[in-house]
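The file structure01.cif comes next; it holds mmCIF, C-alpha atoms.
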```
data_query
#
loop_
_atom_site.group_PDB
_atom_site.id
_atom_site.type_symbol
_atom_site.label_atom_id
_atom_site.label_comp_id
_atom_site.auth_asym_id
_atom_site.auth_seq_id
_atom_site.Cartn_x
_atom_site.Cartn_y
_atom_site.Cartn_z
ATOM 1 C CA SER A 1 -22.525 22.942 -117.877
ATOM 2 C CA TRP A 2 -20.229 24.870 -120.220
ATOM 3 C CA MET A 3 -16.491 24.962 -119.638
ATOM 4 C CA PRO A 4 -13.277 25.688 -121.496
ATOM 5 C CA ILE A 5 -10.720 22.866 -121.666
ATOM 6 C CA CYS A 6 -7.231 22.804 -123.090
ATOM 7 C CA LEU A 7 -5.969 19.857 -125.157
ATOM 8 C CA PRO A 8 -2.346 20.761 -125.949
ATOM 9 C CA ARG A 9 -2.038 18.248 -128.786
ATOM 10 C CA PHE A 10 -5.164 19.687 -130.378
ATOM 11 C CA ASP A 11 -4.228 23.355 -130.060
ATOM 12 C CA ASN A 12 -1.880 24.620 -127.367
ATOM 13 C CA THR A 13 -2.824 28.239 -128.071
ATOM 14 C CA GLY A 14 -6.568 27.953 -127.516
ATOM 15 C CA TYR A 15 -9.379 26.088 -125.872
ATOM 16 C CA LEU A 16 -12.126 23.698 -126.735
ATOM 17 C CA HIS A 17 -15.423 24.417 -125.064
ATOM 18 C CA ALA A 18 -17.309 21.492 -123.581
ATOM 19 C CA HIS A 19 -21.067 21.259 -123.235
ATOM 20 C CA VAL A 20 -21.609 18.570 -120.575
ATOM 21 C CA SER A 21 -25.024 17.137 -119.749
ATOM 22 C CA TYR A 22 -26.542 13.998 -118.288
ATOM 23 C CA LEU A 23 -29.300 12.428 -120.338
ATOM 24 C CA THR A 24 -32.419 10.955 -118.776
ATOM 25 C CA GLU A 25 -35.002 8.579 -120.197
ATOM 26 C CA ASP A 26 -37.794 10.943 -119.181
ATOM 27 C CA ASP A 27 -38.004 14.417 -117.701
ATOM 28 C CA ASP A 28 -39.049 13.093 -114.266
ATOM 29 C CA GLU A 29 -35.839 11.107 -113.767
ATOM 30 C CA ALA A 30 -33.470 12.753 -111.301
ATOM 31 C CA GLU A 31 -30.187 11.025 -112.142
ATOM 32 C CA SER A 32 -28.519 9.381 -115.060
ATOM 33 C CA ALA A 33 -25.180 7.720 -115.673
ATOM 34 C CA THR A 34 -25.318 8.699 -119.344
ATOM 35 C CA CYS A 35 -23.178 11.753 -119.939
ATOM 36 C CA LEU A 36 -23.152 13.534 -123.288
ATOM 37 C CA LEU A 37 -20.065 15.604 -124.020
ATOM 38 C CA LEU A 38 -20.196 17.972 -126.995
ATOM 39 C CA LEU A 39 -17.076 19.932 -127.962
ATOM 40 C CA SER A 40 -16.634 23.112 -129.963
ATOM 41 C CA THR A 41 -13.797 25.498 -130.736
ATOM 42 C CA ARG A 42 -16.319 28.345 -130.723
ATOM 43 C CA ARG A 43 -16.874 30.042 -127.372
ATOM 44 C CA GLU A 44 -20.333 31.246 -128.428
ATOM 45 C CA ALA A 45 -21.597 27.764 -129.456
ATOM 46 C CA PHE A 46 -23.423 27.032 -126.177
ATOM 47 C CA PHE A 47 -26.947 27.518 -127.568
ATOM 48 C CA ASP A 48 -26.203 25.580 -130.772
ATOM 49 C CA LEU A 49 -24.862 22.670 -128.717
ATOM 50 C CA SER A 50 -27.837 22.872 -126.339
ATOM 51 C CA GLN A 51 -30.147 22.439 -129.318
ATOM 52 C CA CYS A 52 -28.008 19.582 -130.624
ATOM 53 C CA ARG A 53 -28.170 17.926 -127.184
ATOM 54 C CA ALA A 54 -31.974 18.174 -127.192
ATOM 55 C CA GLU A 55 -32.165 16.510 -130.614
ATOM 56 C CA ILE A 56 -29.753 13.725 -129.610
ATOM 57 C CA GLN A 57 -31.649 13.095 -126.373
ATOM 58 C CA GLU A 58 -34.974 12.923 -128.186
ATOM 59 C CA LYS A 59 -33.657 10.363 -130.699
ATOM 60 C CA MET A 60 -32.052 8.327 -127.918
ATOM 61 C CA ARG A 61 -35.314 8.358 -125.933
ATOM 62 C CA LYS A 62 -37.275 7.282 -129.006
ATOM 63 C CA HIS A 63 -35.100 4.167 -129.380
ATOM 64 C CA SER A 64 -34.684 3.503 -125.607
ATOM 65 C CA CYS A 65 -30.924 4.026 -125.889
ATOM 66 C CA ILE A 66 -30.519 5.931 -122.647
ATOM 67 C CA ARG A 67 -31.934 3.098 -120.554
ATOM 68 C CA ALA A 68 -29.676 0.588 -122.356
ATOM 69 C CA ILE A 69 -26.612 2.785 -121.789
ATOM 70 C CA ASN A 70 -27.444 3.259 -118.098
ATOM 71 C CA GLU A 71 -27.835 -0.505 -117.673
ATOM 72 C CA ALA A 72 -24.502 -1.116 -119.412
ATOM 73 C CA VAL A 73 -22.776 1.476 -117.218
ATOM 74 C CA GLY A 74 -24.275 -0.217 -114.164
ATOM 75 C CA LYS A 75 -22.632 -3.468 -115.273
ATOM 76 C CA ARG A 76 -19.350 -1.791 -116.192
ATOM 77 C CA ALA A 77 -16.297 -3.963 -116.308
ATOM 78 C CA THR A 78 -14.376 -3.774 -113.091
ATOM 79 C CA TYR A 79 -12.036 -6.224 -111.555
ATOM 80 C CA ARG A 80 -11.451 -7.515 -108.087
ATOM 81 C CA ILE A 81 -8.181 -7.739 -106.205
ATOM 82 C CA ALA A 82 -8.669 -11.526 -105.933
ATOM 83 C CA GLN A 83 -8.183 -11.792 -109.716
ATOM 84 C CA THR A 84 -4.505 -10.930 -109.239
ATOM 85 C CA ASP A 85 -4.128 -14.060 -107.072
ATOM 86 C CA ILE A 86 -1.727 -12.256 -104.719
ATOM 87 C CA THR A 87 -2.071 -13.141 -101.052
ATOM 88 C CA ASP A 88 -2.295 -10.225 -98.590
ATOM 89 C CA LEU A 89 -2.689 -7.599 -101.348
ATOM 90 C CA LEU A 90 -5.647 -5.431 -100.336
ATOM 91 C CA HIS A 91 -5.619 -2.741 -103.030
ATOM 92 C CA PHE A 92 -3.359 -0.910 -105.484
ATOM 93 C CA VAL A 93 -3.187 2.059 -107.822
ATOM 94 C CA TYR A 94 -1.055 1.710 -110.956
ATOM 95 C CA LYS A 95 -0.213 4.543 -113.353
ATOM 96 C CA SER A 96 1.293 3.769 -116.723
ATOM 97 C CA LYS A 97 3.592 6.624 -117.694
ATOM 98 C CA ILE A 98 3.499 5.408 -121.291
ATOM 99 C CA THR A 99 -0.286 5.630 -121.727
ATOM 100 C CA HIS A 100 -0.846 8.214 -118.946
ATOM 101 C CA GLN A 101 -3.652 6.018 -117.632
ATOM 102 C CA TYR A 102 -4.471 4.588 -114.227
ATOM 103 C CA THR A 103 -5.915 1.283 -113.167
ATOM 104 C CA SER A 104 -7.130 0.130 -109.805
ATOM 105 C CA PRO A 105 -9.398 -2.698 -108.625
ATOM 106 C CA ARG A 106 -12.730 -1.874 -107.082
ATOM 107 C CA LEU A 107 -12.707 -1.149 -103.386
ATOM 108 C CA GLU A 108 -13.578 -4.113 -101.196
ATOM 109 C CA ALA A 109 -13.185 -5.055 -97.534
ATOM 110 C CA PRO A 110 -11.603 -3.596 -95.490
ATOM 111 C CA TYR A 111 -12.353 -0.390 -97.452
ATOM 112 C CA LEU A 112 -16.152 -0.492 -97.640
ATOM 113 C CA ALA A 113 -16.819 2.216 -95.046
ATOM 114 C CA GLU A 114 -16.265 5.846 -95.998
ATOM 115 C CA VAL A 115 -13.832 6.389 -93.109
ATOM 116 C CA ASP A 116 -11.694 3.444 -94.311
ATOM 117 C CA ARG A 117 -11.685 4.677 -97.904
ATOM 118 C CA GLU A 118 -10.636 8.137 -96.733
ATOM 119 C CA ARG A 119 -7.799 6.605 -94.710
ATOM 120 C CA LEU A 120 -6.652 4.571 -97.721
ATOM 121 C CA PHE A 121 -6.640 7.555 -100.062
ATOM 122 C CA SER A 122 -4.906 9.726 -97.456
ATOM 123 C CA LEU A 123 -2.183 7.084 -97.182
ATOM 124 C CA TYR A 124 -1.829 6.959 -100.984
ATOM 125 C CA GLN A 125 -1.556 10.747 -100.952
ATOM 126 C CA PHE A 126 1.113 10.543 -98.244
ATOM 127 C CA LEU A 127 3.136 8.002 -100.278
ATOM 128 C CA HIS A 128 2.793 10.060 -103.451
ATOM 129 C CA HIS A 129 3.931 13.201 -101.640
ATOM 130 C CA ARG A 130 6.975 11.419 -100.207
ATOM 131 C CA MET A 131 7.863 9.838 -103.568
ATOM 132 C CA HIS A 132 7.705 13.168 -105.396
ATOM 133 C CA SER A 133 9.264 15.366 -102.707
ATOM 134 C CA GLN A 134 11.257 18.238 -104.221
ATOM 135 C CA ALA A 135 13.843 18.006 -101.446
ATOM 136 C CA ARG A 136 14.360 14.241 -101.585
ATOM 137 C CA PRO A 137 12.455 12.274 -104.244
ATOM 138 C CA LEU A 138 12.298 8.526 -103.689
ATOM 139 C CA LYS A 139 12.121 5.545 -106.057
ATOM 140 C CA ILE A 140 10.649 3.176 -103.495
ATOM 141 C CA ILE A 141 9.044 3.606 -100.091
ATOM 142 C CA TYR A 142 7.738 1.065 -97.615
ATOM 143 C CA HIS A 143 5.389 2.300 -94.882
ATOM 144 C CA VAL A 144 3.803 0.270 -92.085
ATOM 145 C CA GLY A 145 0.799 1.569 -90.193
ATOM 146 C CA ARG A 146 -1.523 0.026 -87.638
ATOM 147 C CA GLN A 147 -3.979 -1.286 -90.240
ATOM 148 C CA GLU A 148 -1.941 -1.797 -93.389
ATOM 149 C CA ALA A 149 1.520 -1.902 -94.900
ATOM 150 C CA MET A 150 2.085 0.089 -98.083
ATOM 151 C CA LEU A 151 4.695 0.120 -100.795
ATOM 152 C CA GLY A 152 5.206 2.864 -103.354
ATOM 153 C CA TRP A 153 7.417 2.319 -106.384
ATOM 154 C CA VAL A 154 8.260 4.797 -109.136
ATOM 155 C CA THR A 155 10.189 3.970 -112.321
ATOM 156 C CA GLY A 156 10.493 5.551 -115.746
ATOM 157 C CA GLY A 157 7.563 3.456 -116.982
ATOM 158 C CA PHE A 158 5.100 3.346 -114.092
ATOM 159 C CA GLU A 159 4.053 4.437 -110.626
ATOM 160 C CA LEU A 160 2.612 1.796 -108.319
ATOM 161 C CA TYR A 161 1.120 2.200 -104.871
ATOM 162 C CA ALA A 162 0.022 -0.986 -103.129
ATOM 163 C CA THR A 163 -1.639 -1.813 -99.835
ATOM 164 C CA PHE A 164 -1.073 -5.039 -97.926
ATOM 165 C CA SER A 165 -2.147 -6.522 -94.637
ATOM 166 C CA PRO A 166 -0.062 -4.969 -91.819
ATOM 167 C CA LEU A 167 2.215 -7.955 -91.168
ATOM 168 C CA VAL A 168 3.637 -8.152 -94.708
ATOM 169 C CA THR A 169 7.368 -7.502 -94.785
ATOM 170 C CA LYS A 170 9.140 -5.348 -97.350
ATOM 171 C CA PRO A 171 10.724 -8.310 -99.226
ATOM 172 C CA VAL A 172 7.339 -10.061 -99.424
ATOM 173 C CA ALA A 173 5.680 -6.844 -100.645
ATOM 174 C CA ILE A 174 8.340 -6.343 -103.349
ATOM 175 C CA SER A 175 7.910 -9.943 -104.480
ATOM 176 C CA ALA A 176 4.129 -9.439 -104.596
ATOM 177 C CA LEU A 177 4.532 -6.273 -106.679
ATOM 178 C CA ASN A 178 6.702 -8.097 -109.194
ATOM 179 C CA LYS A 179 3.924 -10.670 -109.521
ATOM 180 C CA LEU A 180 1.377 -7.848 -109.816
ATOM 181 C CA LEU A 181 3.418 -6.208 -112.588
ATOM 182 C CA ARG A 182 3.377 -9.500 -114.530
ATOM 183 C CA TRP A 183 -0.411 -9.690 -114.042
ATOM 184 C CA ILE A 184 -0.866 -6.090 -115.250
ATOM 185 C CA LYS A 185 1.309 -6.809 -118.309
ATOM 186 C CA HIS A 186 -0.786 -9.898 -119.080
ATOM 187 C CA GLU A 187 -4.053 -7.937 -118.697
ATOM 188 C CA GLU A 188 -2.928 -4.637 -120.233
ATOM 189 C CA ASP A 189 -5.206 -4.858 -123.279
ATOM 190 C CA ARG A 190 -8.179 -5.024 -120.931
ATOM 191 C CA LEU A 191 -6.896 -2.415 -118.480
ATOM 192 C CA PHE A 192 -5.645 0.314 -120.845
ATOM 193 C CA ILE A 193 -6.545 2.020 -124.105
ATOM 194 C CA PHE A 194 -3.561 1.754 -126.452
ATOM 195 C CA SER A 195 -4.907 3.475 -129.537
ATOM 196 C CA PRO A 196 -6.636 6.646 -128.289
ATOM 197 C CA GLN A 197 -7.636 9.470 -130.572
ATOM 198 C CA THR A 198 -5.009 12.215 -130.725
ATOM 199 C CA TYR A 199 -6.263 15.751 -130.231
#
```
Represent the structure from my file as structure tokens, please.
Amino acid sequence: SWMPICLPRFDNTGYLHAHVSYLTEDDDEAESATCLLLLSTRREAFFDLSQCRAEIQEKMRKHSCIRAINEAVGKRATYRIAQTDITDLLHFVYKSKITHQYTSPRLEAPYLAEVDRERLFSLYQFLHHRMHSQARPLKIIYHVGRQEAMLGWVTGGFELYATFSPLVTKPVAISALNKLLRWIKHEEDRLFIFSPQTY
């Protein structure tokens, strides 16, 4: 595909154009996790970048790079909620306002079914909407539903939305989030990119 994108730190008056394609090991393969992103400031560069993509793909096929990349992506580093060692914490979404990056553990029980994942993300959306309400923005919100208790917390440095088992009280949830914040701080080099390229 070919799309314009705006990177304000690169040039807030214009666009970069992105040539996005997924590379396959052979032409019969239907899917690939290997995405090649080529950028240009020239709107008319589509055909030049298409040719460049073909040359890159051919060299990567010749050296079996695509298969190696797909295998590495399949083994990508994720983490589990159990690694936080916080009882009753089922899931969380953390946004660092400093790095503008998110982190979240992989989804596990009880969020393996699509209907459960949709419920979880709808609840996160509900918390986010309440926290950022124009009429009455909140710093902290505690919500208890039939299947989970949730706590949203917004500060100048982060946003955190966490899901607990339904019987967790607000003081216990706040204590758990303080422990989670210490864990995130300890693991931040693994969870976030601190020296990104500036565009």
(request) With the file shown as input, list the residues that the PyMOL selection byres ((chain A and resi 160-170) around 8) selects, as a PyMOL selection string. (result) chain A and resi 88-95+124+127+142+144-154+158-159+171-174+177
(request) Would you please work out which residue, of A:Lys179, A:Arg117, A:His19, A:His128, is nearest to Arg53 (chain A) when using all atoms listed in the file? (result)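 Checking each of A:Lys179, A:Arg117, A:His19, A:His128 against Arg53 (chain A), counting all atoms listed in the file, the winner is A:His19.
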(message) Under the rule that all atoms listed in the file are counted, which of A:Ile184, A:Met131, A:Ala109, A:Leu23 is the nearest residue to Glu58 (chain A)?
(response)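 With all atoms listed in the file as the atom set, the closest residue is A:Leu23.
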(message) List as a count of residues only the protein and nucleic acid residues near Ile56 (chain A), meaning an atom at most 10 Å away when only C-alpha atoms are counted, but skip any in the same chain fewer than 6 places from it.
(response) 4
(request) Rank A:Ile193, A:Cys52, A:Val20, A:Met60 by their smallest atom-to-atom distance to Trp2 (chain A), using all atoms listed in the file, and report the top residue only. (result) A:Val20
(request) Tell me which of A:Phe192, A:Leu112, A:Glu25, A:Gln57 sits closest to Glu71 (chain A), counting only C-alpha atoms. (result)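 Checking each candidate against Glu71 (chain A), we get A:Glu25 as the closest.
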(request) Tell me which protein, DNA and RNA residues are within 12 Å of Arg43 (chain A), counting all atoms listed in the file, leaving out same-chain ones fewer than 2 positions away, and put them as number ranges by chain. (result) A: 2-5, 14-19, 39-41, 45-49
(request) Identify which of the residues A:Asp189, A:Gln134, A:Thr78, A:Cys6 lies closest to Leu107 (chain A), counting only C-alpha atoms when measuring atom-to-atom distances. (result)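 Of A:Asp189, A:Gln134, A:Thr78, A:Cys6, the one nearest Leu107 (chain A) is A:Thr78, counting only C-alpha atoms.
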Running the PyMOL selection byres ((chain A and resi 80-84) around 6) on this model by hand, what would come out? Give it as a JSON list (two decimals) with C-alpha atoms, keeping the file's coordinate frame.
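Final file, selection16.json:
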```json
[["chain", "number", "residue", "atom", "x", "y", "z"],
["A", 79, "TYR", "CA", -12.04, -6.22, -111.56],
["A", 85, "ASP", "CA", -4.13, -14.06, -107.07],
["A", 86, "ILE", "CA", -1.73, -12.26, -104.72],
["A", 105, "PRO", "CA", -9.40, -2.70, -108.62],
["A", 106, "ARG", "CA", -12.73, -1.87, -107.08]]
```
(message) Could you tell me how far CA of Thr34 (chain A) sits from CA of Glu55 (chain A), in Å to one decimal place?
(response) 15.3 Å
(message) I need the residue nearest Gly156 (chain A) from this list: A:Ile66, A:Ile140, A:Ile98, A:Leu37. Use only C-alpha atoms for the distance.
(response)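 Going through A:Ile66, A:Ile140, A:Ile98, A:Leu37 one by one, the smallest distance to Gly156 (chain A) is for A:Ile98.
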